[in-house]
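Asker: What follows is input18.tsv, TSV, C-alpha atoms.
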chain	number	residue	atom	x	y	z
D	1	MET	CA	-11.06	31.77	-2.81
D	2	PHE	CA	-7.86	29.89	-3.71
D	3	THR	CA	-6.70	30.01	-0.08
D	4	ASP	CA	-10.08	28.72	1.10
D	5	ASP	CA	-9.96	25.95	-1.51
D	6	ARG	CA	-6.60	24.76	-0.22
D	7	LEU	CA	-7.80	24.92	3.37
D	8	HIS	CA	-10.89	22.81	2.73
D	9	MET	CA	-9.04	20.36	0.47
D	10	SER	CA	-6.43	19.87	3.20
D	11	ARG	CA	-9.24	18.89	5.53
D	12	ALA	CA	-10.61	16.47	2.92
D	13	LEU	CA	-7.16	14.88	2.60
D	14	ARG	CA	-6.94	14.42	6.37
D	15	LEU	CA	-10.31	12.69	6.28
D	16	ALA	CA	-9.22	10.46	3.41
D	17	ARG	CA	-6.23	9.21	5.41
D	18	ARG	CA	-8.61	7.69	7.95
D	19	GLY	CA	-9.29	4.96	5.42
D	20	ARG	CA	-5.65	3.90	5.14
D	21	GLY	CA	-5.42	0.11	5.00
D	22	LEU	CA	-9.21	-0.27	4.99
D	23	THR	CA	-10.52	0.63	1.54
D	24	ALA	CA	-8.72	-1.72	-0.90
D	25	PRO	CA	-9.34	-2.42	-3.67
D	26	ASN	CA	-10.80	1.10	-3.62
D	27	PRO	CA	-8.83	4.33	-3.14
D	28	MET	CA	-8.82	6.51	-0.04
D	29	VAL	CA	-11.10	9.51	-0.56
D	30	GLY	CA	-12.24	12.37	1.64
D	31	ALA	CA	-14.94	14.99	1.05
D	32	VAL	CA	-16.03	18.28	2.63
D	33	LEU	CA	-19.20	20.26	1.93
D	34	VAL	CA	-19.00	24.05	2.37
D	35	ARG	CA	-21.69	26.70	2.01
D	36	GLU	CA	-21.12	30.41	2.54
D	37	GLY	CA	-17.70	29.67	3.99
D	38	ARG	CA	-19.01	27.25	6.59
D	39	VAL	CA	-18.38	23.49	6.67
D	40	ILE	CA	-21.77	21.77	6.68
D	41	GLY	CA	-20.76	18.13	6.14
D	42	CYS	CA	-17.75	15.82	6.07
D	43	GLY	CA	-17.11	12.24	5.02
D	44	TRP	CA	-14.58	9.70	3.91
D	45	HIS	CA	-14.65	6.28	2.26
D	46	ARG	CA	-14.45	3.83	5.16
D	47	ARG	CA	-14.09	0.50	3.36
D	48	ALA	CA	-14.87	-1.22	0.06
D	49	GLY	CA	-18.57	-1.80	-0.46
D	50	GLU	CA	-19.62	1.05	1.81
D	51	ALA	CA	-20.67	4.57	0.83
D	52	HIS	CA	-18.16	6.76	-0.97
D	53	ALA	CA	-16.83	9.93	0.63
D	54	GLU	CA	-19.17	12.24	-1.29
D	55	ILE	CA	-22.24	10.31	-0.10
D	56	GLU	CA	-20.94	10.29	3.47
D	57	ALA	CA	-20.54	14.08	3.35
D	58	LEU	CA	-24.06	14.54	1.98
D	59	ARG	CA	-25.48	12.27	4.69
D	60	ASP	CA	-23.50	14.13	7.35
D	61	ALA	CA	-24.90	17.46	6.18
D	62	GLU	CA	-28.45	16.10	6.19
D	63	ALA	CA	-28.01	14.65	9.69
D	64	LEU	CA	-26.88	18.07	10.90
D	65	GLY	CA	-29.91	19.75	9.34
D	66	HIS	CA	-28.14	21.38	6.40
D	67	SER	CA	-29.12	21.43	2.75
D	68	ALA	CA	-26.36	20.84	0.20
D	69	ARG	CA	-28.07	23.02	-2.42
D	70	ASP	CA	-25.72	25.71	-3.78
D	71	ALA	CA	-22.86	24.33	-1.65
D	72	THR	CA	-19.29	23.61	-2.76
D	73	LEU	CA	-18.05	20.03	-2.56
D	74	TYR	CA	-14.34	19.42	-1.98
D	75	VAL	CA	-13.28	15.87	-2.84
D	76	THR	CA	-9.78	14.41	-3.07
D	77	LEU	CA	-10.46	12.23	-6.13
D	78	GLU	CA	-12.66	12.61	-9.19
D	79	PRO	CA	-16.16	11.34	-8.28
D	80	CYS	CA	-17.17	7.99	-9.73
D	81	CYS	CA	-19.54	8.12	-12.70
D	82	THR	CA	-20.30	4.42	-13.14
D	83	HIS	CA	-22.40	1.97	-11.18
D	84	GLY	CA	-20.24	-0.51	-9.23
D	85	ARG	CA	-20.90	-1.78	-5.72
D	86	THR	CA	-22.57	1.58	-5.12
D	87	PRO	CA	-24.45	4.02	-7.41
D	88	PRO	CA	-22.44	6.73	-9.21
D	89	CYS	CA	-21.58	9.72	-7.03
D	90	THR	CA	-22.04	12.13	-9.94
D	91	ALA	CA	-25.78	11.42	-9.90
D	92	ALA	CA	-26.03	12.13	-6.17
D	93	ILE	CA	-24.04	15.37	-6.55
D	94	ILE	CA	-26.31	16.61	-9.33
D	95	GLN	CA	-29.47	15.61	-7.47
D	96	ALA	CA	-28.30	17.40	-4.32
D	97	GLY	CA	-28.10	20.73	-6.19
D	98	ILE	CA	-24.42	21.32	-5.45
D	99	ARG	CA	-23.21	24.46	-7.22
D	100	ARG	CA	-19.44	23.88	-7.38
D	101	VAL	CA	-17.16	20.83	-7.17
D	102	VAL	CA	-13.45	21.17	-6.37
D	103	VAL	CA	-11.36	18.05	-7.07
D	104	ALA	CA	-7.74	17.33	-6.16
D	105	ALA	CA	-6.80	14.39	-8.43
D	106	VAL	CA	-8.20	12.92	-11.64
D	107	ASP	CA	-9.32	9.28	-11.71
D	108	PRO	CA	-6.16	7.30	-12.66
D	109	ASN	CA	-8.20	4.79	-14.66
D	110	PRO	CA	-7.82	5.96	-18.28
D	111	VAL	CA	-11.26	4.54	-19.08
D	112	HIS	CA	-12.94	6.88	-16.58
D	113	ALA	CA	-10.50	9.81	-16.29
D	114	GLY	CA	-12.31	13.12	-16.76
D	115	ARG	CA	-15.73	11.62	-17.52
D	116	ALA	CA	-17.24	12.83	-14.26
D	117	PHE	CA	-16.22	16.41	-14.99
D	118	GLY	CA	-18.11	16.37	-18.28
D	119	LEU	CA	-21.27	15.05	-16.62
D	120	LEU	CA	-21.10	17.65	-13.85
D	121	LYS	CA	-20.50	20.53	-16.27
D	122	GLU	CA	-23.40	19.38	-18.44
D	123	ALA	CA	-25.59	19.70	-15.33
D	124	GLY	CA	-24.44	23.31	-14.88
D	125	ILE	CA	-22.04	22.63	-12.01
D	126	GLU	CA	-18.79	24.60	-11.84
D	127	VAL	CA	-15.75	22.27	-11.69
D	128	GLU	CA	-12.23	23.06	-10.47
D	129	VAL	CA	-9.49	20.42	-10.75
D	130	GLY	CA	-5.95	20.20	-9.39
D	131	ILE	CA	-6.06	21.76	-5.91
D	132	LEU	CA	-3.39	19.89	-3.86
D	133	ALA	CA	-3.19	17.31	-6.67
D	134	THR	CA	0.31	16.12	-5.76
D	135	ALA	CA	-0.66	15.35	-2.15
D	136	ALA	CA	-3.78	13.52	-3.34
D	137	GLU	CA	-1.86	11.44	-5.86
D	138	ARG	CA	0.77	10.47	-3.29
D	139	LEU	CA	-1.94	9.45	-0.86
D	140	ASN	CA	-3.21	6.89	-3.37
D	141	GLU	CA	0.07	5.99	-5.06
D	142	ALA	CA	-0.52	2.28	-4.43
D	143	PHE	CA	-4.06	2.35	-5.85
D	144	ASN	CA	-2.98	4.46	-8.83
D	145	HIS	CA	-0.24	1.95	-9.67
D	146	TRP	CA	-2.56	-1.05	-9.30
D	147	ILE	CA	-5.41	0.40	-11.35
D	148	VAL	CA	-3.08	1.28	-14.25
D	149	GLN	CA	-0.58	-1.61	-14.14
D	150	GLY	CA	-2.83	-4.38	-12.81
D	151	THR	CA	-0.12	-5.46	-10.35
D	152	PRO	CA	0.47	-4.55	-6.69
D	153	PHE	CA	2.46	-1.54	-5.62
D	154	VAL	CA	5.52	-3.13	-3.99
D	155	THR	CA	7.22	-1.72	-0.89
D	156	ALA	CA	10.53	-3.34	0.09
D	157	LYS	CA	10.96	-3.30	3.87
D	158	ALA	CA	14.07	-4.17	5.89
D	159	ALA	CA	15.49	-3.43	9.34
D	160	MET	CA	19.28	-3.32	9.28
D	161	THR	CA	22.48	-2.08	10.86
D	162	LEU	CA	24.25	0.97	9.49
D	163	ASP	CA	26.42	-1.31	7.38
D	164	GLY	CA	23.38	-2.97	5.83
D	165	LYS	CA	23.20	-6.26	7.77
D	166	ILE	CA	19.97	-7.92	8.94
D	167	ALA	CA	21.54	-10.80	10.91
D	168	THR	CA	24.89	-12.02	12.19
D	169	GLU	CA	26.71	-15.00	10.72
D	170	THR	CA	25.12	-17.12	13.48
D	171	GLY	CA	21.61	-15.93	12.57
D	172	ASP	CA	21.12	-13.55	15.51
D	173	SER	CA	18.66	-10.84	14.39
D	174	LYS	CA	16.23	-10.08	17.24
D	175	TRP	CA	16.01	-7.26	17.65
D	176	ILE	CA	18.12	-4.99	15.45
D	177	THR	CA	15.76	-2.03	15.80
D	178	GLY	CA	13.98	-0.72	18.87
D	179	PRO	CA	10.29	-0.80	19.88
D	180	GLN	CA	9.31	2.45	18.15
D	181	ALA	CA	10.69	1.29	14.83
D	182	ARG	CA	9.00	-2.09	15.18
D	183	ALA	CA	5.65	-0.43	15.95
D	184	PHE	CA	6.00	1.74	12.86
D	185	ALA	CA	6.81	-1.36	10.80
D	186	LEU	CA	3.56	-2.91	11.99
D	187	ARG	CA	1.73	0.14	10.67
D	188	LEU	CA	3.23	-0.56	7.26
D	189	ARG	CA	1.94	-4.12	7.46
D	190	LEU	CA	-1.54	-2.90	8.38
D	191	ARG	CA	-1.59	-0.59	5.37
D	192	ALA	CA	-0.76	-3.35	2.86
D	193	GLU	CA	-3.08	-6.14	1.72
D	194	ALA	CA	-0.32	-8.74	1.79
D	195	THR	CA	3.11	-9.36	3.33
D	196	LEU	CA	5.67	-11.55	1.55
D	197	VAL	CA	8.79	-13.32	2.81
D	198	GLY	CA	11.08	-16.00	1.47
D	199	ILE	CA	11.49	-19.55	2.73
D	200	GLY	CA	14.81	-18.60	4.31
D	201	THR	CA	13.04	-16.21	6.67
D	202	VAL	CA	10.48	-18.89	7.57
D	203	LEU	CA	13.16	-21.48	8.33
D	204	ALA	CA	15.30	-19.05	10.32
D	205	ASP	CA	12.68	-17.08	12.28
D	206	ASP	CA	9.33	-18.92	12.03
D	207	PRO	CA	7.55	-15.53	11.74
D	208	ALA	CA	3.84	-15.01	12.33
D	209	LEU	CA	3.53	-11.95	10.04
D	210	THR	CA	0.33	-11.04	11.86
D	211	VAL	CA	-1.12	-7.56	12.37
D	212	ARG	CA	-1.02	-6.65	16.02
D	213	ALA	CA	-2.25	-3.62	17.96
D	214	VAL	CA	-0.26	-0.43	17.36
D	215	PRO	CA	-0.54	2.63	19.64
D	216	GLY	CA	-2.48	5.40	17.92
D	217	PHE	CA	-3.78	3.09	15.20
D	218	LEU	CA	-7.09	1.32	14.71
D	219	PRO	CA	-7.37	-2.17	16.27
D	220	PRO	CA	-6.40	-4.96	13.84
D	221	ARG	CA	-9.94	-6.36	13.91
D	222	TRP	CA	-11.07	-3.29	11.98
D	223	PHE	CA	-8.86	-4.19	9.02
D	224	PRO	CA	-9.72	-6.65	6.25
D	225	PRO	CA	-7.83	-9.98	6.42
D	226	LYS	CA	-4.18	-9.62	5.41
D	227	LEU	CA	-2.54	-12.23	3.21
D	228	ARG	CA	0.76	-13.83	4.28
D	229	ILE	CA	2.81	-15.04	1.32
D	230	VAL	CA	5.87	-17.31	1.34
D	231	LEU	CA	8.14	-17.80	-1.67
D	232	ASP	CA	9.09	-21.46	-1.37
D	233	SER	CA	10.10	-22.94	-4.72
D	234	LYS	CA	10.85	-26.42	-3.28
D	235	ALA	CA	7.93	-26.57	-0.80
D	236	ARG	CA	10.22	-26.69	2.25
D	237	THR	CA	7.85	-24.84	4.60
D	238	PRO	CA	7.58	-26.95	7.78
D	239	LEU	CA	4.10	-28.29	8.46
D	240	THR	CA	4.55	-26.99	12.00
D	241	ALA	CA	5.40	-23.41	10.97
D	242	ARG	CA	3.27	-20.74	12.61
D	243	LEU	CA	2.12	-19.51	9.21
D	244	VAL	CA	0.71	-22.98	8.58
D	245	VAL	CA	-0.87	-23.89	11.92
D	246	ASP	CA	-2.05	-20.67	13.59
D	247	SER	CA	-5.55	-19.18	13.45
D	248	GLU	CA	-4.60	-17.04	10.45
D	249	ALA	CA	-3.62	-20.05	8.32
D	250	PRO	CA	-6.57	-19.49	5.91
D	251	ASN	CA	-4.83	-16.26	4.89
D	252	THR	CA	-1.49	-17.96	4.15
D	253	ARG	CA	-0.34	-18.52	0.58
D	254	ILE	CA	2.68	-20.75	-0.06
D	255	VAL	CA	4.05	-20.15	-3.55
D	256	VAL	CA	5.93	-23.19	-4.84
D	257	GLY	CA	7.63	-23.88	-8.14
D	258	GLU	CA	6.46	-26.34	-10.78
D	259	SER	CA	9.36	-28.60	-9.86
D	260	ALA	CA	8.49	-28.78	-6.14
D	261	PRO	CA	8.17	-32.33	-4.72
D	262	ILE	CA	4.60	-33.54	-5.22
D	263	ASN	CA	4.33	-35.10	-1.76
D	264	ARG	CA	5.45	-31.90	-0.04
D	265	VAL	CA	3.00	-29.82	-2.05
D	266	ALA	CA	0.16	-32.21	-1.22
D	267	ALA	CA	0.93	-32.06	2.50
D	268	LEU	CA	0.95	-28.26	2.51
D	269	LYS	CA	-2.32	-28.14	0.56
D	270	GLU	CA	-4.04	-29.95	3.42
D	271	GLN	CA	-3.38	-26.96	5.70
D	272	VAL	CA	-3.00	-23.83	3.57
D	273	THR	CA	-3.51	-22.52	0.05
D	274	VAL	CA	-0.66	-23.42	-2.29
D	275	LEU	CA	0.02	-21.55	-5.53
D	276	ILE	CA	2.06	-23.41	-8.15
D	277	ALA	CA	4.09	-20.88	-10.09
D	278	PRO	CA	6.14	-21.13	-13.27
D	279	GLU	CA	9.90	-20.95	-12.76
D	280	ILE	CA	12.71	-19.06	-14.44
D	281	ASP	CA	16.20	-20.51	-13.93
D	282	GLY	CA	14.92	-22.52	-10.99
D	283	ARG	CA	13.34	-19.50	-9.28
D	284	ILE	CA	9.70	-18.52	-8.99
D	285	ASP	CA	8.56	-16.18	-11.75
D	286	LEU	CA	7.87	-13.05	-9.73
D	287	ARG	CA	6.23	-11.23	-12.63
D	288	TRP	CA	3.69	-14.05	-12.89
D	289	LEU	CA	3.07	-13.87	-9.14
D	290	LEU	CA	2.51	-10.12	-9.20
D	291	ARG	CA	-0.03	-10.48	-12.00
D	292	GLU	CA	-1.86	-13.16	-10.00
D	293	LEU	CA	-1.89	-11.01	-6.86
D	294	GLY	CA	-3.07	-7.97	-8.78
D	295	ALA	CA	-5.96	-9.95	-10.29
D	296	ALA	CA	-6.86	-11.10	-6.76
D	297	GLY	CA	-7.22	-7.50	-5.59
D	298	VAL	CA	-3.90	-7.06	-3.79
D	299	VAL	CA	-3.24	-3.36	-4.25
D	300	HIS	CA	-0.20	-3.00	-1.98
D	301	LEU	CA	2.37	-5.73	-1.31
D	302	LEU	CA	4.91	-5.41	1.50
D	303	VAL	CA	8.02	-7.49	0.81
D	304	GLU	CA	9.88	-8.11	4.08
D	305	GLY	CA	12.71	-10.27	2.82
D	306	GLY	CA	15.12	-11.81	3.39
D	307	GLY	CA	17.96	-10.36	1.39
D	308	THR	CA	17.74	-12.72	-1.57
D	309	VAL	CA	14.02	-12.09	-1.98
D	310	LEU	CA	14.45	-8.31	-1.79
D	311	GLY	CA	17.30	-8.52	-4.28
D	312	SER	CA	15.14	-10.49	-6.70
D	313	PHE	CA	12.37	-7.87	-6.66
D	314	PHE	CA	14.88	-5.06	-7.18
D	315	GLU	CA	16.55	-6.93	-10.05
D	316	ILE	CA	13.34	-7.27	-12.06
D	317	GLY	CA	12.43	-3.63	-11.44
D	318	ARG	CA	9.31	-4.39	-9.43
D	319	VAL	CA	9.91	-2.35	-6.26
D	320	GLU	CA	8.10	0.98	-6.16
D	321	ARG	CA	9.09	2.18	-2.67
D	322	THR	CA	11.68	1.35	-0.03
D	323	ALA	CA	11.01	1.28	3.71
D	324	PHE	CA	14.39	0.83	5.38
D	325	PHE	CA	15.02	1.05	9.12
D	326	TYR	CA	18.61	1.72	10.25
D	327	ALA	CA	19.78	0.92	13.77
D	328	PRO	CA	22.90	2.62	15.21
D	329	LEU	CA	24.87	-0.62	15.01
D	330	ILE	CA	27.76	-1.94	12.94
D	331	LEU	CA	28.31	-5.68	12.54
D	332	GLY	CA	31.02	-5.96	9.93
D	333	GLY	CA	31.96	-9.45	8.78
D	334	LYS	CA	31.72	-10.73	5.23
D	335	ASN	CA	29.39	-13.61	6.14
D	336	ASP	CA	26.71	-11.63	7.95
D	337	THR	CA	23.35	-11.53	6.17
D	338	LYS	CA	22.79	-8.53	3.90
D	339	ALA	CA	19.51	-6.63	3.74
D	340	VAL	CA	19.58	-6.74	-0.05
D	341	ALA	CA	21.46	-9.61	-1.69
D	342	GLY	CA	20.87	-11.47	-4.93
D	343	ARG	CA	22.81	-10.87	-8.11
D	344	GLY	CA	22.93	-7.11	-7.69
D	345	PHE	CA	23.86	-4.50	-10.27
D	346	ARG	CA	27.22	-4.59	-11.97
D	347	SER	CA	27.99	-0.86	-12.12
D	348	LEU	CA	26.96	2.48	-10.65
D	349	SER	CA	25.41	3.36	-14.01
D	350	THR	CA	22.85	0.58	-13.58
D	351	ALA	CA	22.16	1.14	-9.87
D	352	LEU	CA	18.62	2.12	-8.96
D	353	VAL	CA	18.06	5.71	-7.89
D	354	LEU	CA	15.66	6.79	-5.15
D	355	SER	CA	13.65	10.00	-5.28
D	356	ARG	CA	11.19	11.77	-2.98
D	357	ILE	CA	13.21	10.70	0.04
D	358	GLU	CA	11.44	10.84	3.38
D	359	SER	CA	13.07	10.20	6.74
D	360	ARG	CA	12.27	10.32	10.43
D	361	TRP	CA	13.76	9.28	13.73
D	362	LEU	CA	11.98	6.49	15.58
D	363	GLY	CA	13.62	6.45	18.97
D	364	GLY	CA	17.28	5.79	18.23
D	365	ASP	CA	16.58	4.31	14.78
D	366	LEU	CA	16.38	6.10	11.44
D	367	PHE	CA	13.60	5.34	8.95
D	368	VAL	CA	14.28	6.17	5.29
D	369	SER	CA	11.77	5.77	2.49
D	370	GLY	CA	11.96	6.69	-1.18
D	371	ARG	CA	10.42	6.00	-4.57
D	372	VAL	CA	12.51	3.66	-6.68
D	373	GLY	CA	13.33	5.10	-10.08
D	374	LYS	CA	15.25	4.10	-13.14
D	375	PRO	CA	18.94	3.12	-13.20
D	376	ASN	CA	21.42	5.89	-12.48
D	377	LEU	CA	22.24	6.53	-16.13
D	378	SER	CA	23.91	9.87	-15.32
D	379	MET	CA	26.83	7.95	-13.80
D	380	SER	CA	27.68	6.38	-17.16
D	381	ALA	CA	28.93	9.73	-18.43
D	382	SER	CA	31.34	10.27	-15.56
Once more with this new file: its structure as structure tokens, please.
Answerer:
Amino acid sequence: MFTDDRLHMSRALRLARRGRGLTAPNPMVGAVLVREGRVIGCGWHRRAGEAHAEIEALRDAEALGHSARDATLYVTLEPCCTHGRTPPCTAAIIQAGIRRVVVAAVDPNPVHAGRAFGLLKEAGIEVEVGILATAAERLNEAFNHWIVQGTPFVTAKAAMTLDGKIATETGDSKWITGPQARAFALRLRLRAEATLVGIGTVLADDPALTVRAVPGFLPPRWFPPKLRIVLDSKARTPLTARLVVDSEAPNTRIVVGESAPINRVAALKEQVTVLIAPEIDGRIDLRWLLRELGAAGVVHLLVEGGGTVLGSFFEIGRVERTAFFYAPLILGGKNDTKAVAGRGFRSLSTALVLSRIESRWLGGDLFVSGRVGKPNLSMSAS
């Protein structure tokens, strides 16, 4: 039975991944209905406001002429037990006569965690929890962070040379990595609700930060609108910048400081949304910004730089994951632009440590990702 449980939960996890980048501010969830060892229905949560995975699986079984009575339901996340945009899934599960429910991960919201299990058990349904829990929790690591902390899960992304440079002294940066790496980077952008850059990147590159078609991925039109955010304390964003004048301008947010020139702020407001942020030592208060974005439903924020912006997020301890692309190049030179700049950390004992490292080759480029942990305190004893 345990082997079968893992097999069916693996299928539910694969289904859940189909909702990547589509479900926010909801989690990705997959569900599989099994009776007498046979799969009779499958489903996944497709986007916020639409049916949850459990309901999709029940509907799929009905469409195929199967009854869910006495079946086992495999679901990657604890079923909802409250009425939100849709009715509670626990009620539908009980009404369908399901005999057993196998769940991978518990609801991360402490207000709801475990409540569904009690309701199902009261209805005489057998409940098993924890099958492939680690995989399920990693799948929704951004949602889990947002629902508990109230701020976006932050991924720091950079494409650099082997010696950590993102541009030459003259500003030459296109392209450091090859087409496969750039396509993968676009997938990261599609999976996040917002992409953030600093004013330096806007002035140097005039980026579009749009979501474009990626081979093997859903067309961009299937995804909810993606926010484009610029940190611009002095409101220096040109009124002719692509982020300001293109068709996606309604999704642009320029974040200026309280001391920004009033006339510049007013001019930008005529074309895009401007957020006026409090400042700390002349810089935008990033903690304030993250709280604002979290309240607006931004679950996952992709920070693309430049180096000073990335450094600022690392310094305040608000990067949860790195997404670094390394090209087989060496630039050298003390004045070339670094991927991560800012004030930095003063000693190895305070350096941030990465865990759960994942890597892959993308053509000739190496992609490395890891969870950002606490400072490397073990070094202080050496």
Asker: Write out as a PDB file with C-alpha atoms, keeping the file's coordinate frame each polymer residue whose atoms come within 10 Å of range 192-202 of chain D, counting all atoms listed in the file; drop sequence neighbours fewer than 5 positions from it.
Answerer:
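Everything below was put into part-v5.pdb:
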ATOM      1  CA  ARG D  20      -5.650   3.900   5.140  1.00  0.00           C
ATOM      2  CA  GLY D  21      -5.420   0.110   5.000  1.00  0.00           C
ATOM      3  CA  LEU D  22      -9.210  -0.270   4.990  1.00  0.00           C
ATOM      4  CA  ALA D  24      -8.720  -1.720  -0.900  1.00  0.00           C
ATOM      5  CA  PRO D  25      -9.340  -2.420  -3.670  1.00  0.00           C
ATOM      6  CA  ALA D 142      -0.520   2.280  -4.430  1.00  0.00           C
ATOM      7  CA  PRO D 152       0.470  -4.550  -6.690  1.00  0.00           C
ATOM      8  CA  PHE D 153       2.460  -1.540  -5.620  1.00  0.00           C
ATOM      9  CA  VAL D 154       5.520  -3.130  -3.990  1.00  0.00           C
ATOM     10  CA  THR D 155       7.220  -1.720  -0.890  1.00  0.00           C
ATOM     11  CA  ALA D 156      10.530  -3.340   0.090  1.00  0.00           C
ATOM     12  CA  LYS D 157      10.960  -3.300   3.870  1.00  0.00           C
ATOM     13  CA  ARG D 187       1.730   0.140  10.670  1.00  0.00           C
ATOM     14  CA  PRO D 207       7.550 -15.530  11.740  1.00  0.00           C
ATOM     15  CA  ALA D 208       3.840 -15.010  12.330  1.00  0.00           C
ATOM     16  CA  LEU D 209       3.530 -11.950  10.040  1.00  0.00           C
ATOM     17  CA  THR D 210       0.330 -11.040  11.860  1.00  0.00           C
ATOM     18  CA  PHE D 223      -8.860  -4.190   9.020  1.00  0.00           C
ATOM     19  CA  PRO D 224      -9.720  -6.650   6.250  1.00  0.00           C
ATOM     20  CA  PRO D 225      -7.830  -9.980   6.420  1.00  0.00           C
ATOM     21  CA  LYS D 226      -4.180  -9.620   5.410  1.00  0.00           C
ATOM     22  CA  LEU D 227      -2.540 -12.230   3.210  1.00  0.00           C
ATOM     23  CA  ARG D 228       0.760 -13.830   4.280  1.00  0.00           C
ATOM     24  CA  ILE D 229       2.810 -15.040   1.320  1.00  0.00           C
ATOM     25  CA  VAL D 230       5.870 -17.310   1.340  1.00  0.00           C
ATOM     26  CA  LEU D 231       8.140 -17.800  -1.670  1.00  0.00           C
ATOM     27  CA  ASP D 232       9.090 -21.460  -1.370  1.00  0.00           C
ATOM     28  CA  SER D 233      10.100 -22.940  -4.720  1.00  0.00           C
ATOM     29  CA  LYS D 234      10.850 -26.420  -3.280  1.00  0.00           C
ATOM     30  CA  ALA D 235       7.930 -26.570  -0.800  1.00  0.00           C
ATOM     31  CA  ARG D 236      10.220 -26.690   2.250  1.00  0.00           C
ATOM     32  CA  THR D 237       7.850 -24.840   4.600  1.00  0.00           C
ATOM     33  CA  PRO D 238       7.580 -26.950   7.780  1.00  0.00           C
ATOM     34  CA  ALA D 241       5.400 -23.410  10.970  1.00  0.00           C
ATOM     35  CA  ARG D 242       3.270 -20.740  12.610  1.00  0.00           C
ATOM     36  CA  LEU D 243       2.120 -19.510   9.210  1.00  0.00           C
ATOM     37  CA  ASN D 251      -4.830 -16.260   4.890  1.00  0.00           C
ATOM     38  CA  THR D 252      -1.490 -17.960   4.150  1.00  0.00           C
ATOM     39  CA  ARG D 253      -0.340 -18.520   0.580  1.00  0.00           C
ATOM     40  CA  ILE D 254       2.680 -20.750  -0.060  1.00  0.00           C
ATOM     41  CA  VAL D 255       4.050 -20.150  -3.550  1.00  0.00           C
ATOM     42  CA  LEU D 293      -1.890 -11.010  -6.860  1.00  0.00           C
ATOM     43  CA  GLY D 297      -7.220  -7.500  -5.590  1.00  0.00           C
ATOM     44  CA  VAL D 298      -3.900  -7.060  -3.790  1.00  0.00           C
ATOM     45  CA  VAL D 299      -3.240  -3.360  -4.250  1.00  0.00           C
ATOM     46  CA  HIS D 300      -0.200  -3.000  -1.980  1.00  0.00           C
ATOM     47  CA  LEU D 301       2.370  -5.730  -1.310  1.00  0.00           C
ATOM     48  CA  LEU D 302       4.910  -5.410   1.500  1.00  0.00           C
ATOM     49  CA  VAL D 303       8.020  -7.490   0.810  1.00  0.00           C
ATOM     50  CA  GLU D 304       9.880  -8.110   4.080  1.00  0.00           C
ATOM     51  CA  GLY D 305      12.710 -10.270   2.820  1.00  0.00           C
ATOM     52  CA  GLY D 306      15.120 -11.810   3.390  1.00  0.00           C
ATOM     53  CA  GLY D 307      17.960 -10.360   1.390  1.00  0.00           C
ATOM     54  CA  THR D 308      17.740 -12.720  -1.570  1.00  0.00           C
ATOM     55  CA  VAL D 309      14.020 -12.090  -1.980  1.00  0.00           C
ATOM     56  CA  LEU D 310      14.450  -8.310  -1.790  1.00  0.00           C
TER      57      LEU D 310
END
Asker: Report, in Å to a single decimal, how far apart CA of Ala16 in chain D and CA of Asp107 in chain D are.
Answerer: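 Result for CA of Asp107 in chain D versus CA of Ala16 in chain D: 15.2 Å, one decimal.
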Asker: Looking at D:Gly332, D:Gly41, D:Ala158, D:Leu132, which one is nearest to Leu7 in chain D, with distances taken over only C-alpha atoms?
Answerer: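 Selected residue with least distance to Leu7 in chain D: D:Leu132.
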Asker: So which residues touch Glu56 in chain D within 9 Å, counting all atoms listed in the file, skipping near sequence neighbours fewer than 6 positions away, as a list in words?
Answerer: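 What passes the distance filter is Ala31, Gly41, Cys42, Gly43, Trp44 and His45 of chain D.
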Asker: Give me the residues within 12 Å of Glu270 in chain D as a list in words, counting all atoms listed in the file and dropping any in the same chain fewer than 4 places off.
Answerer: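 Non-adjacent residues within range: Leu239, Val244, Val245, Ala249, Pro250, Ile254, Asn263, Arg264, Val265, Ala266 and Val274 of chain D.
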Asker: Rounded to one decimal in Å, what is the spacing between CA of Arg343 in chain D and CA of Gly311 in chain D?
Answerer: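 That distance, rounded to one decimal, is 7.1 Å.
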